[in-house]
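Report on the following structure.
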Amino acid sequence: MTEQVKRFIRVDHAGEYGAARIYAGQLAVLGRGEHAATLQHMKDQEQVHLDTFAKLITERRVRPTLFLPFWNLAGFALGAATAALGPRAAMACTVAVEETIDEHYSAQEAALEDDETPLRATIAKFRAEELEHRDIGLANGAEQAPGYRLLTAVIKAGCKAAIRISERV
Ligand SMILES: [Fe+2]
Ligand SMILES: [Fe+2]
């Protein structure tokens with residue numbers, strides 16, 4: 001296994017971990033609201049993504065990022081904070097996160113060689129679900145969130161920084 005593949009598994013594990021925590025944070029605030037079932041659906045899918053990469057981390061002996069405890073807190077805080085701004089801001093957070101992950105997974109799919117076909121298929125499947133999440137966000141008023149452009153720009157920048165850190169550390 002190349003160093004690049006190890007890096008991919010490490011960062012994807014971290015990202016799916018963070019994603020599950022974001023939806024947990026949103027559910028902590030909006031768990032009784034009209035979007036509860038939608039948020040739970042996305043959280044359940046993130047949990048499958050996370051379990052898959054947790055298994056790969058173990059099977060392929062990849063060291064997880066040292067930042068997991070931080071992503072635990074930061075993910076939950078991001079989810080809860082955006083949900084506290086309202087359901088539309090929570091959906092704007094989803095759009096920002098999932099668009100960033102879509103780009104991230106696309107780049108990995110392009111970079112993986114044919115000896116990693118199963119991993120590439122896993123990433124492609126998850127990427128399709130991340131795009132479904134983005135579409136759910138858009139369908140639920142994300143773009144009507146106050147300060148949508150600034151909010152999504154800040155969250156995307158944060159996600160990209162998190163990706164860079166989790167690839168390396
Ligand atoms: Fe995911
Ligand atoms: Fe997602």
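Here's how to read the names in the structure tokens: chain A, B, ... by the order shown, residue numbers from 1 in each chain, ligand numbers from 1 in the order shown.
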**OP:** Let me have all residues with an atom within 7 Å of ligand 1, counting only C-alpha atoms and all ligand atoms, laid out as a PyMOL selection string.
**Re:** chain A and resi 16+19+45-46+49+126+130
**OP:** From the DSSP assignment of the backbone, select every residue of stretch 25-159 of chain A that is alpha helix (DSSP H), and format the answer as a VMD selection string.
**Re:** chain A and resid 25 to 30 36 to 59 68 to 85 87 to 111 117 to 139 148 to 159
Using only C-alpha atoms and all ligand atoms, I'd like a table of the residues in chain A that come within 10 Å of ligand 2; for each, show the closest atom pair and its distance in Å rounded to one decimal, ordered by chain and ascending number, as JSON lines.
{"residue": "A:Gly15", "atom": "CA", "partner": "ligand 2", "partner_atom_place_in_ligand_line": "1 (Fe)", "distance": 9.3}
{"residue": "A:Glu16", "atom": "CA", "partner": "ligand 2", "partner_atom_place_in_ligand_line": "1 (Fe)", "distance": 7.6}
{"residue": "A:Gly18", "atom": "CA", "partner": "ligand 2", "partner_atom_place_in_ligand_line": "1 (Fe)", "distance": 9.9}
{"residue": "A:Ala19", "atom": "CA", "partner": "ligand 2", "partner_atom_place_in_ligand_line": "1 (Fe)", "distance": 6.3}
{"residue": "A:Ala20", "atom": "CA", "partner": "ligand 2", "partner_atom_place_in_ligand_line": "1 (Fe)", "distance": 8.1}
{"residue": "A:Ile22", "atom": "CA", "partner": "ligand 2", "partner_atom_place_in_ligand_line": "1 (Fe)", "distance": 9.6}
{"residue": "A:Tyr23", "atom": "CA", "partner": "ligand 2", "partner_atom_place_in_ligand_line": "1 (Fe)", "distance": 9.0}
{"residue": "A:Met42", "atom": "CA", "partner": "ligand 2", "partner_atom_place_in_ligand_line": "1 (Fe)", "distance": 6.5}
{"residue": "A:Lys43", "atom": "CA", "partner": "ligand 2", "partner_atom_place_in_ligand_line": "1 (Fe)", "distance": 7.8}
{"residue": "A:Asp44", "atom": "CA", "partner": "ligand 2", "partner_atom_place_in_ligand_line": "1 (Fe)", "distance": 9.7}
{"residue": "A:Gln45", "atom": "CA", "partner": "ligand 2", "partner_atom_place_in_ligand_line": "1 (Fe)", "distance": 7.2}
{"residue": "A:Glu46", "atom": "CA", "partner": "ligand 2", "partner_atom_place_in_ligand_line": "1 (Fe)", "distance": 5.8}
{"residue": "A:Gln47", "atom": "CA", "partner": "ligand 2", "partner_atom_place_in_ligand_line": "1 (Fe)", "distance": 9.6}
{"residue": "A:His49", "atom": "CA", "partner": "ligand 2", "partner_atom_place_in_ligand_line": "1 (Fe)", "distance": 8.6}
{"residue": "A:Thr94", "atom": "CA", "partner": "ligand 2", "partner_atom_place_in_ligand_line": "1 (Fe)", "distance": 7.6}
{"residue": "A:Val95", "atom": "CA", "partner": "ligand 2", "partner_atom_place_in_ligand_line": "1 (Fe)", "distance": 9.2}
{"residue": "A:Val97", "atom": "CA", "partner": "ligand 2", "partner_atom_place_in_ligand_line": "1 (Fe)", "distance": 7.6}
{"residue": "A:Glu98", "atom": "CA", "partner": "ligand 2", "partner_atom_place_in_ligand_line": "1 (Fe)", "distance": 5.6}
{"residue": "A:Glu99", "atom": "CA", "partner": "ligand 2", "partner_atom_place_in_ligand_line": "1 (Fe)", "distance": 9.2}
{"residue": "A:Ile101", "atom": "CA", "partner": "ligand 2", "partner_atom_place_in_ligand_line": "1 (Fe)", "distance": 7.8}
{"residue": "A:Asp102", "atom": "CA", "partner": "ligand 2", "partner_atom_place_in_ligand_line": "1 (Fe)", "distance": 9.0}
{"residue": "A:Phe126", "atom": "CA", "partner": "ligand 2", "partner_atom_place_in_ligand_line": "1 (Fe)", "distance": 7.9}
{"residue": "A:Arg127", "atom": "CA", "partner": "ligand 2", "partner_atom_place_in_ligand_line": "1 (Fe)", "distance": 8.0}
{"residue": "A:Ala128", "atom": "CA", "partner": "ligand 2", "partner_atom_place_in_ligand_line": "1 (Fe)", "distance": 9.1}
{"residue": "A:Glu129", "atom": "CA", "partner": "ligand 2", "partner_atom_place_in_ligand_line": "1 (Fe)", "distance": 6.4}
{"residue": "A:Glu130", "atom": "CA", "partner": "ligand 2", "partner_atom_place_in_ligand_line": "1 (Fe)", "distance": 4.0}
{"residue": "A:Leu131", "atom": "CA", "partner": "ligand 2", "partner_atom_place_in_ligand_line": "1 (Fe)", "distance": 7.4}
{"residue": "A:Glu132", "atom": "CA", "partner": "ligand 2", "partner_atom_place_in_ligand_line": "1 (Fe)", "distance": 7.9}
{"residue": "A:His133", "atom": "CA", "partner": "ligand 2", "partner_atom_place_in_ligand_line": "1 (Fe)", "distance": 5.6}
{"residue": "A:Arg134", "atom": "CA", "partner": "ligand 2", "partner_atom_place_in_ligand_line": "1 (Fe)", "distance": 7.7}
Subject >> Computed interatomic separation between atom CA of A:Leu50 and atom CA of A:Arg10 (Å) >> reply: 11.3 Å
Original post:
Within 12 Å of A:Arg60, counting only C-alpha atoms, which residues qualify if same-chain residues fewer than 2 places away don't, as a ChimeraX atom specification?
Top reply: /A:1-3,5-10,53-58,62-64,119
Give me the residues near A:Ile163 as a JSON list (two decimals) with C-alpha atoms, in the first residue's frame, where near means some atom within 9 Å (using only C-alpha atoms) and where sequence neighbours in that chain fewer than 5 positions away do not count.
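File produced: part-v4.json:
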[["chain", "number", "residue", "atom", "x", "y", "z"],
["A", 11, "VAL", "CA", -8.19, 11.59, 6.11],
["A", 12, "ASP", "CA", -11.42, 9.91, 5.00],
["A", 14, "ALA", "CA", -11.30, 11.61, 10.05],
["A", 15, "GLY", "CA", -13.76, 13.31, 7.72],
["A", 104, "HIS", "CA", -12.12, 15.81, -2.00],
["A", 158, "GLY", "CA", -12.48, 25.15, 7.82],
["A", 168, "ARG", "CA", -0.53, 14.89, 7.50]]
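The nearest approach to A:Asn140 among the residues A:Val154, A:Glu59, A:Glu103, A:Arg88, with only C-alpha atoms taken into account, belongs to A:Arg88.
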